[in-house]
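A short worksheet on the structure shown next.
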Amino acid sequence: MSSIKLSICIPTYNREKHLHDCLERCHRDFRFDFPYEIVISDNASTDNTGAVAKEFIERGMPIRYVRGAENVGMIPNMSSSLRLGRGEYLLYLADDDRLIPQEVANIVAYLDENPNITVCHAPWAMYDGINEVEGGLFYTVNEDKVFPQKSFAEVFNYMFRGHIFPEIGIYRASAFRSSWVPRDICFYPFPMLAHFLDQGDIAFRRTPFYRQVIASNVERDRVQGGAQIAATGWDQYRGGLEYFLYFASKRGKVGTSPDERATQEHLCRNFTLQRMAVSMRLLVGMREYVKAYEVYTRMVFGGFDEHPEVMSFKEGGLLATALQTLSWQLGVTAGIENLVISGYPDIVTLKERLQRVRLPSRLEIIDEPVEPTPAQLGNTAILVHLPEERARFVEMGYLPNLVFAQDDLIRTILL
């Protein structure tokens, strides 16, 4: 049996700067009074990730570095890092996030004292790594809570009422071995929790031990895998909840009558719609206005038309979504090199708005039309202010489906 108490498992891919910053903090801050290891699962990086790991190994850190032969994807590599752990307990750490060491130690002691508990979850804190300021919690736990083995109905209601995501936890390795397979249709933390609860008690603690770095001083525009999932993964969230309820029904712990199924369906639907509100906010922040509009339509149809995120988008999302529709159309149409803007009273402001919706950089914007050459007739799109102006450009020979009036774009958006 391994003498290692805790495995801190870091999946990574081509993020040498983030990994170096992460390991530097671990080297500085970890003062555990129990044996631990850091497991790095490298998803076939092509940068200097291996050299970074070697540097900190030579500095005496208890690191095991394993490089995969090929890039298997984000979630499978997360599984790899956890499976490689030798510790009695396993803890996932993203290479751009941070731990709160004393709270980690507190949970390890708590699990030592309570061998019946298979996993201990806690909310995570949002953290501004540029200004070194802690923000709010992703969800709130009002008091430390333990749920007994197979109490599926109680745990489901607890997650629904608190809008709780069992995503960050410290796992007992003996239970983890039969608790997780990465899943594509069902968001993995909910099925994973069902399997932990099937094997023993589970705990939620109110004090965070994990900081998710929202803004990084290492790379300010980095891609966050978690944020990408949160922005588009609401159907996976629903799938995860339905898996949890399926598992509970197979264990005879939730009812399966038509009325009970209808109630469960309603709760899953509401939970999902609440997550979609978060998705809308993230997508607007990413300037993904067309995607935000798609979420908006589903939320309004679902009865959430008075939700603050929906109301905010309704007030300011129309023009941005319409212009991004134009940007997308021009981006995917082969051979288009120019965009002529005609008839707008404030072309400077319009240009600024087009840049905010990611107008393809290859396009040259022409403020006012000139006599076109034959080549320009085939490689130029037109945006006119008033619908009646379309006919003039079509008669000149421009492609009719690439002569857009503002009203054409706005008709694609129904708020």
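If you're wondering about the labels, chains in the structure tokens are A, B, ... by order shown, residues count from 1 in each chain, ligands from 1 in order shown.
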Task: segment 29-273 of chain A: residues DSSP assigns to strand (DSSP E), reported as a ChimeraX atom specification - done: /A:36-42,63-67,89-92,98-99,117-121,125-128,133-137,145-147,169-172,201-204,210-215
TODO: Within 10 Å of Gly397 of chain A, counting only C-alpha atoms, which residues show up once you throw out same-chain ones fewer than 5 positions away? Write them as a ChimeraX atom specification, please.
DONE: /A:372,374,376-378,392
I need the chosen residues saved as an mmCIF file, in the first residue's frame, with C-alpha atoms.
```
data_model
loop_
_atom_site.group_PDB
_atom_site.id
_atom_site.type_symbol
_atom_site.label_atom_id
_atom_site.label_comp_id
_atom_site.auth_asym_id
_atom_site.auth_seq_id
_atom_site.Cartn_x
_atom_site.Cartn_y
_atom_site.Cartn_z
ATOM 1 C CA PRO A 372 -16.843 48.423 -59.419
ATOM 2 C CA PRO A 374 -15.733 42.980 -62.756
ATOM 3 C CA GLN A 376 -15.141 43.451 -57.322
ATOM 4 C CA LEU A 377 -18.648 42.455 -58.344
ATOM 5 C CA GLY A 378 -17.796 38.866 -57.344
ATOM 6 C CA ARG A 392 -29.331 49.844 -57.034
#
```
Neighbouring residues of Gly335 of chain A were defined as those with any atom within 10 Å, considering only C-alpha atoms; residues of the same chain fewer than 5 positions away were excluded. Please report them as a compact mmCIF listing (two decimals) with N, CA, C and O atoms, in the first residue's frame.
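Writing done, so here's around14.txt:
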```txt
# COMPACT_ATOMS: atom_id res chain seq x y z
N LEU A 330 -20.31 36.69 -43.95
CA LEU A 330 -19.16 37.09 -44.76
C LEU A 330 -17.96 36.19 -44.50
O LEU A 330 -17.16 35.93 -45.40
N GLY A 378 -17.74 40.22 -57.88
CA GLY A 378 -17.80 38.87 -57.34
C GLY A 378 -17.18 38.69 -55.98
O GLY A 378 -17.41 37.66 -55.33
N ASN A 379 -16.39 39.68 -55.52
CA ASN A 379 -15.71 39.49 -54.22
C ASN A 379 -16.09 40.54 -53.18
O ASN A 379 -15.39 40.71 -52.19
N THR A 380 -17.21 41.23 -53.41
CA THR A 380 -17.60 42.32 -52.53
C THR A 380 -19.02 42.12 -52.01
O THR A 380 -19.93 41.77 -52.78
```
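Summary of the local environment: counting only C-alpha atoms, residues at most 12 Å from Arg251 of chain A, other than itself and those fewer than 3 positions away along its chain, are A:Gln149, A:Lys150, A:Ser151, A:Phe152, A:Ala153, A:Ala194, A:His195, A:Leu197, A:Asp198, A:Gln199, A:Phe244, A:Leu245, A:Tyr246, A:Phe247, A:Ala248, A:Val254, A:Gly255, A:Thr256.
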- [ ] Could you jot down the atom CA of Cys186 of chain A to atom CA of Ile100 of chain A separation for me, Å, one decimal place?
- [x] 29.4 Å
Open item on the list: I need the alpha helix (DSSP H) residues of segment 39-99 of chain A per DSSP on the backbone, written as a count of residues only.
Closed with: 20
TODO: Could you give me, as a PyMOL selection string, the residues within 12 Å of segment 308-311 of chain A, counting only C-alpha atoms and dropping anything in the same chain fewer than 4 positions from it?
DONE: chain A and resi 273-284+292-304+315-318+415
Using only C-alpha atoms, determine which residues lie at most 6 Å from Pro11 of chain A, disregarding the query and same-chain residues fewer than 6 positions distant; provide the list as a compact mmCIF listing (two decimals) with N, CA, C and O atoms, in the first residue's frame.
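Printed below is around.txt as written:
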```
# COMPACT_ATOMS: atom_id res chain seq x y z
N ILE A 40 1.67 15.04 -12.96
CA ILE A 40 1.43 15.85 -14.16
C ILE A 40 1.21 14.91 -15.33
O ILE A 40 2.08 14.11 -15.68
N SER A 41 0.02 14.99 -15.92
CA SER A 41 -0.29 14.22 -17.12
C SER A 41 -0.24 15.17 -18.31
O SER A 41 -1.10 16.02 -18.49
N ASN A 77 -7.66 13.49 -20.52
CA ASN A 77 -6.37 13.75 -19.87
C ASN A 77 -6.56 14.04 -18.39
O ASN A 77 -5.69 13.71 -17.57
N MET A 78 -7.68 14.64 -18.03
CA MET A 78 -8.00 14.82 -16.61
C MET A 78 -8.14 13.46 -15.94
O MET A 78 -7.60 13.24 -14.84
N SER A 81 -4.69 11.94 -15.37
CA SER A 81 -3.95 12.48 -14.22
C SER A 81 -4.42 11.86 -12.92
O SER A 81 -3.62 11.54 -12.03
```
- [ ] May I ask which of the residues A:Ser79, A:Ser3, A:Ser342, A:Gln406 is the closest one to Pro182 of chain A, counting only C-alpha atoms?
- [x] A:Ser79
Open item on the list: When you look at Asn71 of chain A with a cut-off of 12 Å (counting only C-alpha atoms), what residues show up, excluding the ones that are within fewer than 4 positions of it in the same chain? I need them as a ChimeraX atom specification.
Closed with: /A:11-14,41-46,67,75-78,80
Store the residues picked out above, limited to N, CA, C and O atoms, as a short mmCIF file (atom, residue, chain, number, x, y, z; two decimals), in the first residue's frame.
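Below is the file out_2.cif, written as the result:
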```cif
data_model
loop_
_atom_site.label_atom_id
_atom_site.label_comp_id
_atom_site.auth_asym_id
_atom_site.auth_seq_id
_atom_site.Cartn_x
_atom_site.Cartn_y
_atom_site.Cartn_z
N PRO A 11 -3.60 17.85 -15.11
CA PRO A 11 -3.52 17.61 -16.55
C PRO A 11 -3.08 18.89 -17.26
O PRO A 11 -3.44 19.99 -16.85
N THR A 12 -2.29 18.77 -18.31
CA THR A 12 -1.80 19.97 -18.99
C THR A 12 -1.55 19.69 -20.45
O THR A 12 -1.37 18.52 -20.85
N TYR A 13 -1.54 20.76 -21.23
CA TYR A 13 -1.22 20.65 -22.65
C TYR A 13 -0.76 22.01 -23.17
O TYR A 13 -1.53 22.98 -23.18
N ASN A 14 0.49 22.09 -23.58
CA ASN A 14 1.07 23.30 -24.19
C ASN A 14 0.80 24.56 -23.37
O ASN A 14 0.44 25.60 -23.91
N SER A 41 0.02 14.99 -15.92
CA SER A 41 -0.29 14.22 -17.12
C SER A 41 -0.24 15.17 -18.31
O SER A 41 -1.10 16.02 -18.49
N ASP A 42 0.80 15.02 -19.13
CA ASP A 42 1.05 15.90 -20.27
C ASP A 42 0.39 15.30 -21.51
O ASP A 42 0.73 14.19 -21.93
N ASN A 43 -0.53 16.05 -22.10
CA ASN A 43 -1.33 15.56 -23.22
C ASN A 43 -0.58 15.72 -24.55
O ASN A 43 -1.08 16.31 -25.50
N ALA A 44 0.67 15.20 -24.56
CA ALA A 44 1.52 15.25 -25.77
C ALA A 44 1.84 16.68 -26.17
O ALA A 44 1.74 17.06 -27.35
N SER A 45 2.26 17.49 -25.21
CA SER A 45 2.61 18.88 -25.49
C SER A 45 3.76 18.97 -26.48
O SER A 45 4.65 18.11 -26.50
N THR A 46 3.74 20.06 -27.23
CA THR A 46 4.83 20.31 -28.18
C THR A 46 5.69 21.50 -27.74
O THR A 46 6.59 21.91 -28.48
N ARG A 67 4.19 11.82 -19.91
CA ARG A 67 3.76 12.43 -21.18
C ARG A 67 3.07 11.39 -22.04
O ARG A 67 3.62 10.32 -22.30
N ILE A 75 -10.88 16.22 -21.15
CA ILE A 75 -11.46 15.40 -20.09
C ILE A 75 -10.75 14.06 -19.96
O ILE A 75 -10.44 13.62 -18.84
N PRO A 76 -10.44 13.35 -21.05
CA PRO A 76 -9.66 12.12 -20.90
C PRO A 76 -8.30 12.35 -20.23
O PRO A 76 -7.84 11.52 -19.45
N ASN A 77 -7.66 13.49 -20.52
CA ASN A 77 -6.37 13.75 -19.87
C ASN A 77 -6.56 14.04 -18.39
O ASN A 77 -5.69 13.71 -17.57
N MET A 78 -7.68 14.64 -18.03
CA MET A 78 -8.00 14.82 -16.61
C MET A 78 -8.14 13.46 -15.94
O MET A 78 -7.60 13.24 -14.84
N SER A 80 -6.72 10.74 -16.94
CA SER A 80 -5.37 10.18 -16.89
C SER A 80 -4.63 10.65 -15.64
O SER A 80 -4.01 9.85 -14.93
#
```
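Distance annotation: of A:Arg183, A:Arg86, A:His121, A:Arg205, the residue with the minimal separation from Glu37 of chain A is A:Arg86; atom set is only C-alpha atoms.
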Open item on the list: My list of candidates is A:Asp33, A:Glu167, A:Glu88, A:Glu55. Which is closest to Ile8 of chain A when distances are computed with only C-alpha atoms?
Closed with: A:Glu88
TODO: Mind giving me the straight-line distance from atom CA of Met74 of chain A to atom CA of Met192 of chain A in Å, one decimal?
DONE: 17.1 Å
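Closest to Leu402 of chain A among A:Gln236, A:Asn142, A:Asn338, A:Asn270 is A:Asn338, based on only C-alpha atoms.
In this structure, atom CA of Pro345 of chain A sits 22.8 Å away from atom CA of Thr412 of chain A.
The smallest atom-to-atom distance between Ala53 of chain A and any of A:Arg206, A:His27, A:His20, A:Lys314, using only C-alpha atoms, is found for A:His20.
Among the candidate residues A:Leu111, A:Ile365, A:Leu84, A:Ile164, the one lying nearest to Glu352 of chain A is A:Ile365, with distances computed using only C-alpha atoms.
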